[in-house]
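J.: Compact mmCIF, C-alpha atoms, saved as coords_4.txt, coming up:
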```txt
# COMPACT_ATOMS: atom_id res chain seq x y z
CA MET A 142 16.32 64.97 -1.71
CA LYS A 143 16.04 61.57 -3.38
CA LYS A 144 14.46 63.12 -6.46
CA ILE A 145 17.30 65.62 -6.72
CA ILE A 146 19.89 62.84 -6.53
CA ILE A 147 18.05 60.84 -9.21
CA VAL A 148 17.96 63.87 -11.52
CA LEU A 149 21.67 64.54 -10.95
CA VAL A 150 22.63 60.93 -11.63
CA LEU A 151 20.55 60.83 -14.82
CA ALA A 152 21.76 64.20 -16.09
CA PHE A 153 25.43 63.79 -15.17
CA PRO A 154 26.64 62.25 -18.48
CA LEU A 155 24.80 64.91 -20.50
CA ALA A 156 26.34 67.69 -18.41
CA MET A 157 29.85 66.25 -18.72
CA HIS A 158 29.46 65.85 -22.48
CA ALA A 159 28.25 69.45 -22.77
CA ILE A 160 31.45 70.77 -21.16
CA ASP A 161 33.63 68.27 -23.03
CA GLN A 162 34.66 66.27 -19.95
CA GLY A 163 34.08 62.74 -21.22
CA PHE A 164 36.58 61.29 -18.75
CA TYR A 165 34.18 61.90 -15.88
CA ILE A 166 31.46 59.82 -17.55
CA SER A 167 33.83 56.85 -17.45
CA PHE A 168 34.85 57.76 -13.90
CA ALA A 169 31.22 57.92 -12.75
CA THR A 170 30.54 54.53 -14.34
CA ARG A 171 33.46 53.08 -12.38
CA ILE A 172 31.92 54.50 -9.19
CA LEU A 173 28.59 52.81 -9.99
CA ILE A 174 30.33 49.46 -10.46
CA TYR A 175 32.20 49.73 -7.19
CA ALA A 176 28.99 50.84 -5.48
CA MET A 177 27.50 47.49 -6.50
CA ALA A 178 30.54 45.57 -5.24
CA ALA A 179 30.54 47.48 -1.93
CA ALA A 180 26.80 46.88 -1.49
CA SER A 181 27.41 43.15 -1.92
CA LEU A 182 30.08 43.20 0.79
CA ASN A 183 27.82 45.22 3.09
CA LEU A 184 25.27 42.40 2.87
CA VAL A 185 27.60 39.96 4.62
CA LEU A 186 29.59 42.46 6.68
CA GLY A 187 26.92 44.88 7.81
CA TYR A 188 23.80 42.74 7.86
CA GLY A 189 25.22 39.25 8.30
CA GLY A 190 27.98 40.20 10.73
CA MET A 191 30.55 38.20 8.73
CA VAL A 192 33.83 40.08 8.39
CA SER A 193 35.00 38.71 5.05
CA PHE A 194 38.45 39.88 3.97
CA GLY A 195 38.36 37.90 0.73
CA HIS A 196 35.52 39.51 -1.17
CA ALA A 197 37.85 40.39 -4.04
CA ALA A 198 37.92 36.67 -4.90
CA PHE A 199 34.34 36.88 -6.19
CA PHE A 200 34.84 40.30 -7.77
CA GLY A 201 37.93 39.12 -9.64
CA ALA A 202 36.42 35.74 -10.55
CA GLY A 203 33.50 37.45 -12.29
CA ALA A 204 35.90 39.70 -14.19
CA TYR A 205 38.11 36.80 -15.27
CA ILE A 206 35.17 34.70 -16.49
CA VAL A 207 34.19 37.53 -18.84
CA GLY A 208 37.82 37.99 -19.91
CA ILE A 209 38.42 34.30 -20.58
CA LEU A 210 35.17 33.91 -22.50
CA ALA A 211 36.01 37.00 -24.57
CA ALA A 212 39.44 35.54 -25.35
CA GLU A 213 37.66 32.39 -26.58
CA GLY A 214 35.36 34.42 -28.79
CA VAL A 215 32.27 34.53 -26.53
CA THR A 216 31.27 38.18 -26.18
CA SER A 217 27.51 37.92 -25.67
CA LEU A 218 26.53 39.43 -22.34
CA TRP A 219 23.65 36.96 -22.17
CA ILE A 220 26.25 34.21 -21.79
CA ALA A 221 29.27 35.90 -20.21
CA TRP A 222 27.53 37.85 -17.43
CA PRO A 223 25.34 35.00 -16.13
CA ALA A 224 28.44 32.77 -16.29
CA ALA A 225 30.32 35.32 -14.16
CA ILE A 226 27.47 35.44 -11.62
CA VAL A 227 27.24 31.65 -11.42
CA ALA A 228 31.01 31.17 -11.17
CA ALA A 229 31.32 33.76 -8.39
CA GLY A 230 28.31 32.27 -6.61
CA LEU A 231 29.81 28.77 -6.77
CA ALA A 232 33.14 30.09 -5.49
CA ALA A 233 31.27 31.75 -2.61
CA LEU A 234 29.43 28.49 -1.94
CA VAL A 235 32.67 26.50 -1.64
CA ILE A 236 34.56 29.15 0.32
CA GLY A 237 31.59 29.91 2.55
CA ALA A 238 30.85 26.24 3.26
CA ILE A 239 34.34 25.91 4.74
CA SER A 240 34.90 29.38 6.18
CA LEU A 241 31.58 29.55 8.04
CA ARG A 242 32.61 26.66 10.23
CA THR A 243 34.97 29.13 11.89
CA ARG A 244 34.33 32.39 13.75
CA GLY A 245 35.97 35.67 14.57
CA VAL A 246 39.55 36.25 13.47
CA TYR A 247 39.73 32.70 12.09
CA PHE A 248 36.91 33.50 9.66
CA ILE A 249 38.69 36.68 8.58
CA MET A 250 41.95 34.84 7.96
CA ILE A 251 40.44 31.88 6.13
CA THR A 252 38.50 34.12 3.72
CA LEU A 253 41.72 36.06 3.12
CA ALA A 254 43.60 32.80 2.53
CA PHE A 255 41.06 31.57 -0.02
CA ALA A 256 41.17 34.88 -1.88
CA GLN A 257 44.96 34.77 -2.06
CA MET A 258 44.81 31.18 -3.28
CA MET A 259 42.52 32.25 -6.11
CA TYR A 260 44.84 35.17 -6.82
CA TYR A 261 47.77 32.82 -7.34
CA VAL A 262 45.63 30.47 -9.44
CA PHE A 263 44.92 33.26 -11.93
CA VAL A 264 48.52 34.46 -11.80
CA SER A 265 49.56 30.98 -12.94
CA LEU A 266 47.17 30.99 -15.94
CA LYS A 267 49.83 31.81 -18.54
CA ALA A 268 47.39 31.07 -21.37
CA TYR A 269 45.32 34.03 -20.16
CA GLY A 270 48.07 36.52 -19.43
CA GLY A 271 49.36 35.35 -16.06
CA ASP A 272 50.90 38.29 -14.19
CA ASP A 273 50.26 40.63 -17.10
CA GLY A 274 46.52 40.07 -17.14
CA LEU A 275 44.27 39.82 -20.14
CA SER A 276 42.96 42.50 -22.50
CA LEU A 277 39.41 42.25 -23.83
CA PRO A 278 39.00 42.85 -27.58
CA SER A 279 35.76 44.74 -26.96
CA ARG A 280 32.92 45.18 -24.52
CA SER A 281 30.19 42.58 -24.35
CA THR A 282 27.49 42.57 -26.99
CA GLY A 283 23.87 41.47 -27.11
CA LEU A 284 21.60 44.46 -26.49
CA GLY A 285 21.45 45.79 -30.03
CA VAL A 286 23.44 48.91 -29.12
CA SER A 287 27.19 49.43 -28.94
CA LEU A 288 28.32 49.35 -25.33
CA ALA A 289 31.53 51.03 -26.48
CA ASN A 290 29.41 54.18 -26.38
CA ASP A 291 30.06 55.69 -22.93
CA PHE A 292 26.50 57.03 -22.66
CA ALA A 293 24.88 53.66 -23.33
CA TRP A 294 27.36 51.94 -21.01
CA TYR A 295 26.79 54.42 -18.17
CA TYR A 296 23.03 54.04 -18.27
CA LEU A 297 23.19 50.25 -18.53
CA VAL A 298 25.41 50.06 -15.43
CA LEU A 299 23.12 52.51 -13.64
CA VAL A 300 20.04 50.38 -14.42
CA LEU A 301 21.81 47.22 -13.20
CA LEU A 302 22.86 48.96 -9.99
CA MET A 303 19.30 50.14 -9.36
CA ILE A 304 17.98 46.62 -9.95
CA ILE A 305 20.51 45.12 -7.54
CA LEU A 306 19.78 47.73 -4.86
CA TYR A 307 16.04 47.17 -5.24
CA LEU A 308 16.46 43.41 -4.89
CA LEU A 309 18.69 43.88 -1.84
CA HIS A 310 16.12 46.22 -0.32
CA ARG A 311 13.38 43.62 -0.76
CA LEU A 312 15.65 40.85 0.51
CA LEU A 313 16.63 42.70 3.67
CA ARG A 314 13.01 43.45 4.49
CA SER A 315 11.91 39.89 3.93
CA ARG A 316 11.88 37.14 6.52
CA PHE A 317 15.33 36.11 5.31
CA GLY A 318 16.73 39.59 5.99
CA ARG A 319 15.22 39.73 9.46
CA VAL A 320 16.69 36.34 10.34
CA ILE A 321 20.13 37.36 9.07
CA GLU A 322 20.05 40.46 11.26
CA ALA A 323 18.87 38.38 14.22
CA ILE A 324 21.80 36.02 13.71
CA ARG A 325 24.15 38.99 13.61
CA GLU A 326 22.78 40.33 16.88
CA ASN A 327 22.73 37.04 18.78
CA GLU A 328 23.68 33.86 16.94
CA THR A 329 23.25 31.69 20.05
CA ARG A 330 19.68 32.87 20.59
CA ALA A 331 18.84 32.42 16.89
CA THR A 332 20.10 28.85 17.10
CA ALA A 333 18.09 28.21 20.26
CA VAL A 334 14.93 29.51 18.59
CA GLY A 335 15.42 26.92 15.88
CA TYR A 336 16.78 28.79 12.87
CA PRO A 337 19.29 26.86 10.71
CA VAL A 338 21.96 29.50 11.26
CA TYR A 339 24.65 27.91 9.11
CA ARG A 340 22.37 27.63 6.06
CA TYR A 341 21.13 31.20 6.40
CA LYS A 342 24.66 32.56 6.65
CA LEU A 343 25.85 30.43 3.73
CA LEU A 344 22.99 31.60 1.51
CA CYS A 345 23.74 35.21 2.46
CA PHE A 346 27.40 34.63 1.59
CA VAL A 347 26.51 33.09 -1.81
CA ILE A 348 24.13 35.92 -2.75
CA SER A 349 26.79 38.46 -1.84
CA GLY A 350 29.42 36.61 -3.89
CA ALA A 351 27.12 36.39 -6.93
CA ILE A 352 26.46 40.16 -6.87
CA ALA A 353 30.20 40.79 -6.56
CA GLY A 354 30.67 38.52 -9.61
CA LEU A 355 28.31 40.72 -11.64
CA ALA A 356 30.25 43.81 -10.52
CA GLY A 357 33.44 42.04 -11.63
CA ALA A 358 31.91 41.33 -15.06
CA LEU A 359 31.08 45.03 -15.37
CA ILE A 360 34.54 46.25 -14.32
CA ALA A 361 36.10 43.93 -16.91
CA ASN A 362 33.98 45.60 -19.57
CA GLN A 363 34.63 49.05 -18.14
CA THR A 364 38.41 48.78 -18.40
CA SER A 365 38.58 46.19 -21.23
CA TYR A 366 41.18 44.47 -19.08
CA VAL A 367 41.34 41.93 -16.28
CA GLY A 368 44.35 41.25 -14.08
CA PRO A 369 45.24 39.36 -10.90
CA ALA A 370 45.15 42.62 -8.93
CA LEU A 371 41.35 42.39 -8.99
CA LEU A 372 41.63 39.38 -6.66
CA HIS A 373 44.37 40.75 -4.40
CA TRP A 374 43.78 41.40 -0.70
CA VAL A 375 44.25 45.12 -1.36
CA GLN A 376 41.07 45.04 -3.45
CA SER A 377 39.23 43.37 -0.57
CA GLY A 378 40.54 46.06 1.75
CA THR A 379 39.38 48.80 -0.62
CA LEU A 380 35.85 47.40 -0.65
CA MET A 381 35.88 47.15 3.13
CA ILE A 382 37.01 50.77 3.46
CA MET A 383 34.13 51.82 1.21
CA VAL A 384 31.64 50.05 3.47
CA ILE A 385 33.18 51.51 6.64
CA LEU A 386 33.18 55.03 5.18
CA GLY A 387 29.59 54.78 4.00
CA GLY A 388 28.26 52.96 7.05
CA VAL A 389 28.41 49.30 8.02
CA GLY A 390 24.91 47.87 8.13
CA ARG A 391 23.41 50.96 6.47
CA PHE A 392 21.57 50.25 3.22
CA TRP A 393 23.27 53.12 1.37
CA GLY A 394 26.58 52.52 3.13
CA GLY A 395 28.24 50.69 0.24
CA PRO A 396 27.24 53.11 -2.55
CA VAL A 397 27.98 56.20 -0.45
CA GLY A 398 31.37 54.82 0.57
CA ALA A 399 32.25 54.02 -3.05
CA VAL A 400 31.37 57.55 -4.15
CA VAL A 401 33.34 59.17 -1.33
CA LEU A 402 36.46 56.99 -1.52
CA LEU A 403 36.84 57.11 -5.31
CA ALA A 404 36.08 60.84 -5.38
CA LEU A 405 38.72 61.47 -2.70
CA GLU A 406 41.21 59.33 -4.60
CA GLU A 407 40.58 61.32 -7.77
CA LEU A 408 40.73 64.62 -5.89
CA PHE A 409 43.95 64.03 -3.95
CA SER A 410 45.86 62.03 -6.58
CA GLY A 411 45.71 65.00 -8.94
CA SER A 412 45.50 67.85 -6.46
CA PRO A 413 47.81 70.83 -7.17
CA LEU A 414 47.74 71.58 -3.43
CA LEU A 415 49.69 68.38 -2.75
CA GLY A 416 52.09 68.95 -5.63
CA PRO A 417 54.72 66.20 -5.82
CA TYR A 418 53.14 64.58 -2.76
CA SER A 419 50.00 63.70 -4.70
CA LEU A 420 51.52 60.23 -5.18
CA HIS A 421 50.83 59.74 -1.46
CA TRP A 422 47.11 60.50 -1.74
CA GLN A 423 46.41 57.59 0.62
CA LEU A 424 47.63 59.68 3.59
CA PRO A 425 44.91 62.37 3.51
CA VAL A 426 42.31 59.70 2.67
CA GLY A 427 43.52 57.74 5.72
CA VAL A 428 43.13 60.82 7.90
CA ILE A 429 39.56 61.29 6.65
CA LEU A 430 38.78 57.62 7.28
CA LEU A 431 40.15 57.93 10.81
CA ALA A 432 38.00 61.01 11.40
CA VAL A 433 34.88 59.18 10.18
CA VAL A 434 35.60 56.21 12.46
CA LEU A 435 36.17 58.49 15.47
CA PHE A 436 33.40 61.05 15.00
CA ALA A 437 30.84 59.18 12.88
CA PRO A 438 31.11 55.51 13.86
CA GLN A 439 27.90 54.77 11.94
CA GLY A 440 29.54 56.01 8.75
CA ILE A 441 28.62 58.92 6.51
CA SER A 442 25.15 57.61 5.68
CA GLY A 443 24.58 56.90 9.36
CA ALA A 444 25.58 60.44 10.33
CA PHE A 445 22.91 61.88 8.04
CA ALA A 446 20.22 59.35 8.89
CA LYS A 447 17.08 60.58 10.61
CA LYS A 448 17.26 60.16 14.34
CA PRO A 449 14.27 58.51 16.03
CA GLN A 450 11.92 60.93 17.77
```
Hey, can you dump this file as structure tokens for me?
T.:
Amino acid sequence: MKKIIIVLVLAFPLAMHAIDQGFYISFATRILIYAMAAASLNLVLGYGGMVSFGHAAFFGAGAYIVGILAAEGVTSLWIAWPAAIVAAGLAALVIGAISLRTRGVYFIMITLAFAQMMYYVFVSLKAYGGDDGLSLPSRSTGLGVSLANDFAWYYLVLVLLMIILYLLHRLLRSRFGRVIEAIRENETRATAVGYPVYRYKLLCFVISGAIAGLAGALIANQTSYVGPALLHWVQSGTLMIMVILGGVGRFWGGPVGAVVLLALEELFSGSPLLGPYSLHWQLPVGVILLAVVLFAPQGISGAFAKKPQ
């Protein structure tokens, strides 16, 4: 099954080009980027047990760093993308250092508050578009090939996603990953055993934010535009829905949720069956989400996971 999926993912752009459907190459690339962002949220939400409702802050920060550097004439991906990762990681460090001193609904609200604060900071940056956002003159450069080519761009994003997923897989199966899961299951017991719970959770939060920053850098290049909406709470909610759909705490939960949610959005927003009601595509998607929560509480990937013998 995995081999079939790999073949399909690799052959998809070639198939779409053959039938003259170039739009879907760009659409699939967008799915890959959001799969990375959702996987980063799943690290803190599913494995760390931290319900962050401000993950868009890191996603949008990474995008804006690339946009601002491009506006200043810096288009090299070797500079802009690491800068986006570092900036998002530092933002996660500051936000996490404060937010992790709270628990439960207070943690949810304080992460949301920080994200909205960052949203209004970028709205106020009139030199970089303010409310209107900022257009990028071109995609990043530095690999010797034009990333304006949709084929090259698709495969680059795919490679980066595979690298991130591999690193997450190794991380979650390391001692660090086991401790994070132990903290999620019983933080009091983990503390009693002697683990520095706060530092483990903060590091998990920073890693997650840095990955989201890379996804933000990619979405900025994908659309050649960055705007405050990337930091809005709605964006955080979208990422959370992806994780819930795919499966909270399931390794493939984020990517699967991104594929399903964006595919449903594309399907229903242009569906002839809905006619003039296609503008309200969120309603059928909401019904599907409700059904998943009720009948597959482990998410889509959890529903298809092998059951223990």
J.: Identify the residues within 9 Å of coordinate (33.1, 50.7, 5.0) (same frame as the file), considering all atoms listed in the file, and give the answer as an mmCIF file with C-alpha atoms, in the coordinates of the input.
T.:
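Okay, this is what ended up in point17.cif:
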```
data_model
loop_
_atom_site.group_PDB
_atom_site.id
_atom_site.type_symbol
_atom_site.label_atom_id
_atom_site.label_comp_id
_atom_site.auth_asym_id
_atom_site.auth_seq_id
_atom_site.Cartn_x
_atom_site.Cartn_y
_atom_site.Cartn_z
ATOM 1 C CA ALA A 179 30.540 47.480 -1.930
ATOM 2 C CA ASN A 183 27.820 45.220 3.090
ATOM 3 C CA GLY A 187 26.920 44.880 7.810
ATOM 4 C CA THR A 379 39.380 48.800 -0.620
ATOM 5 C CA LEU A 380 35.850 47.400 -0.650
ATOM 6 C CA MET A 381 35.880 47.150 3.130
ATOM 7 C CA ILE A 382 37.010 50.770 3.460
ATOM 8 C CA MET A 383 34.130 51.820 1.210
ATOM 9 C CA VAL A 384 31.640 50.050 3.470
ATOM 10 C CA ILE A 385 33.180 51.510 6.640
ATOM 11 C CA LEU A 386 33.180 55.030 5.180
ATOM 12 C CA GLY A 387 29.590 54.780 4.000
ATOM 13 C CA GLY A 388 28.260 52.960 7.050
ATOM 14 C CA VAL A 389 28.410 49.300 8.020
ATOM 15 C CA GLY A 394 26.580 52.520 3.130
ATOM 16 C CA GLY A 395 28.240 50.690 0.240
ATOM 17 C CA GLY A 398 31.370 54.820 0.570
ATOM 18 C CA ALA A 399 32.250 54.020 -3.050
ATOM 19 C CA GLY A 440 29.540 56.010 8.750
#
```
J.: Which polymer residues have any atom within 9 Å of an atom of A:Leu234, counting only C-alpha atoms, with same-chain residues fewer than 2 positions away left out, as a list in words?
T.: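 My reading of the contact set: Ala229, Gly230, Leu231, Ala232, Ile236, Gly237, Ala238, Ile239, Leu343, Leu344, Phe346, Val347 and Gly350 of chain A.
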J.: Kindly export the residues of the current selection with C-alpha atoms, as a tab-separated table (two decimals), keeping the file's coordinate frame.
T.:
```tsv
chain	number	residue	atom	x	y	z
A	229	ALA	CA	31.32	33.76	-8.39
A	230	GLY	CA	28.31	32.27	-6.61
A	231	LEU	CA	29.81	28.77	-6.77
A	232	ALA	CA	33.14	30.09	-5.49
A	236	ILE	CA	34.56	29.15	0.32
A	237	GLY	CA	31.59	29.91	2.55
A	238	ALA	CA	30.85	26.24	3.26
A	239	ILE	CA	34.34	25.91	4.74
A	343	LEU	CA	25.85	30.43	3.73
A	344	LEU	CA	22.99	31.60	1.51
A	346	PHE	CA	27.40	34.63	1.59
A	347	VAL	CA	26.51	33.09	-1.81
A	350	GLY	CA	29.42	36.61	-3.89
```
J.: Can you work out which one of A:Val433, A:Ala358, A:Leu308, A:Val148 has the shortest atom-to-atom distance to A:Val227, counting only C-alpha atoms?
T.: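 Ranked by minimum distance to A:Val227, first place goes to A:Ala358.
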J.: Would you pick out the contacts of A:Gly190 at 8 Å or less, using all atoms listed in the file, so that residues sharing its chain but fewer than 5 positions from it are not included, and give the list as a VMD selection string?
T.: chain A and resid 185 322 325
J.: Write out as a PDB file with C-alpha atoms, in the coordinates of the input each polymer residue whose atoms come within 12 Å of A:Tyr341, counting all atoms listed in the file; drop sequence neighbours fewer than 2 positions from it.
T.:
```pdb
ATOM      1  CA  VAL A 185      27.600  39.960   4.620  1.00  0.00           C
ATOM      2  CA  TYR A 188      23.800  42.740   7.860  1.00  0.00           C
ATOM      3  CA  GLY A 189      25.220  39.250   8.300  1.00  0.00           C
ATOM      4  CA  MET A 191      30.550  38.200   8.730  1.00  0.00           C
ATOM      5  CA  GLY A 237      31.590  29.910   2.550  1.00  0.00           C
ATOM      6  CA  ALA A 238      30.850  26.240   3.260  1.00  0.00           C
ATOM      7  CA  LEU A 241      31.580  29.550   8.040  1.00  0.00           C
ATOM      8  CA  ARG A 316      11.880  37.140   6.520  1.00  0.00           C
ATOM      9  CA  PHE A 317      15.330  36.110   5.310  1.00  0.00           C
ATOM     10  CA  GLY A 318      16.730  39.590   5.990  1.00  0.00           C
ATOM     11  CA  ARG A 319      15.220  39.730   9.460  1.00  0.00           C
ATOM     12  CA  VAL A 320      16.690  36.340  10.340  1.00  0.00           C
ATOM     13  CA  ILE A 321      20.130  37.360   9.070  1.00  0.00           C
ATOM     14  CA  GLU A 322      20.050  40.460  11.260  1.00  0.00           C
ATOM     15  CA  ALA A 323      18.870  38.380  14.220  1.00  0.00           C
ATOM     16  CA  ILE A 324      21.800  36.020  13.710  1.00  0.00           C
ATOM     17  CA  ARG A 325      24.150  38.990  13.610  1.00  0.00           C
ATOM     18  CA  GLU A 328      23.680  33.860  16.940  1.00  0.00           C
ATOM     19  CA  ALA A 331      18.840  32.420  16.890  1.00  0.00           C
ATOM     20  CA  THR A 332      20.100  28.850  17.100  1.00  0.00           C
ATOM     21  CA  GLY A 335      15.420  26.920  15.880  1.00  0.00           C
ATOM     22  CA  TYR A 336      16.780  28.790  12.870  1.00  0.00           C
ATOM     23  CA  PRO A 337      19.290  26.860  10.710  1.00  0.00           C
ATOM     24  CA  VAL A 338      21.960  29.500  11.260  1.00  0.00           C
ATOM     25  CA  TYR A 339      24.650  27.910   9.110  1.00  0.00           C
ATOM     26  CA  LEU A 343      25.850  30.430   3.730  1.00  0.00           C
ATOM     27  CA  LEU A 344      22.990  31.600   1.510  1.00  0.00           C
ATOM     28  CA  CYS A 345      23.740  35.210   2.460  1.00  0.00           C
ATOM     29  CA  PHE A 346      27.400  34.630   1.590  1.00  0.00           C
ATOM     30  CA  VAL A 347      26.510  33.090  -1.810  1.00  0.00           C
ATOM     31  CA  ILE A 348      24.130  35.920  -2.750  1.00  0.00           C
TER      32      ILE A 348
END
```
J.: Excluding same-chain residues fewer than 4 positions from A:His373, what lies within 10 Å of it counting only C-alpha atoms, as a PDB file with C-alpha atoms, keeping the file's coordinate frame?
T.:
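Output file around-v4.pdb is given in full below:
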```
ATOM      1  CA  GLY A 195      38.360  37.900   0.730  1.00  0.00           C
ATOM      2  CA  HIS A 196      35.520  39.510  -1.170  1.00  0.00           C
ATOM      3  CA  ALA A 197      37.850  40.390  -4.040  1.00  0.00           C
ATOM      4  CA  ALA A 198      37.920  36.670  -4.900  1.00  0.00           C
ATOM      5  CA  GLY A 201      37.930  39.120  -9.640  1.00  0.00           C
ATOM      6  CA  LEU A 253      41.720  36.060   3.120  1.00  0.00           C
ATOM      7  CA  ALA A 256      41.170  34.880  -1.880  1.00  0.00           C
ATOM      8  CA  GLN A 257      44.960  34.770  -2.060  1.00  0.00           C
ATOM      9  CA  MET A 258      44.810  31.180  -3.280  1.00  0.00           C
ATOM     10  CA  MET A 259      42.520  32.250  -6.110  1.00  0.00           C
ATOM     11  CA  TYR A 260      44.840  35.170  -6.820  1.00  0.00           C
ATOM     12  CA  TYR A 261      47.770  32.820  -7.340  1.00  0.00           C
ATOM     13  CA  GLY A 368      44.350  41.250 -14.080  1.00  0.00           C
ATOM     14  CA  PRO A 369      45.240  39.360 -10.900  1.00  0.00           C
ATOM     15  CA  SER A 377      39.230  43.370  -0.570  1.00  0.00           C
ATOM     16  CA  GLY A 378      40.540  46.060   1.750  1.00  0.00           C
TER      17      GLY A 378
END
```
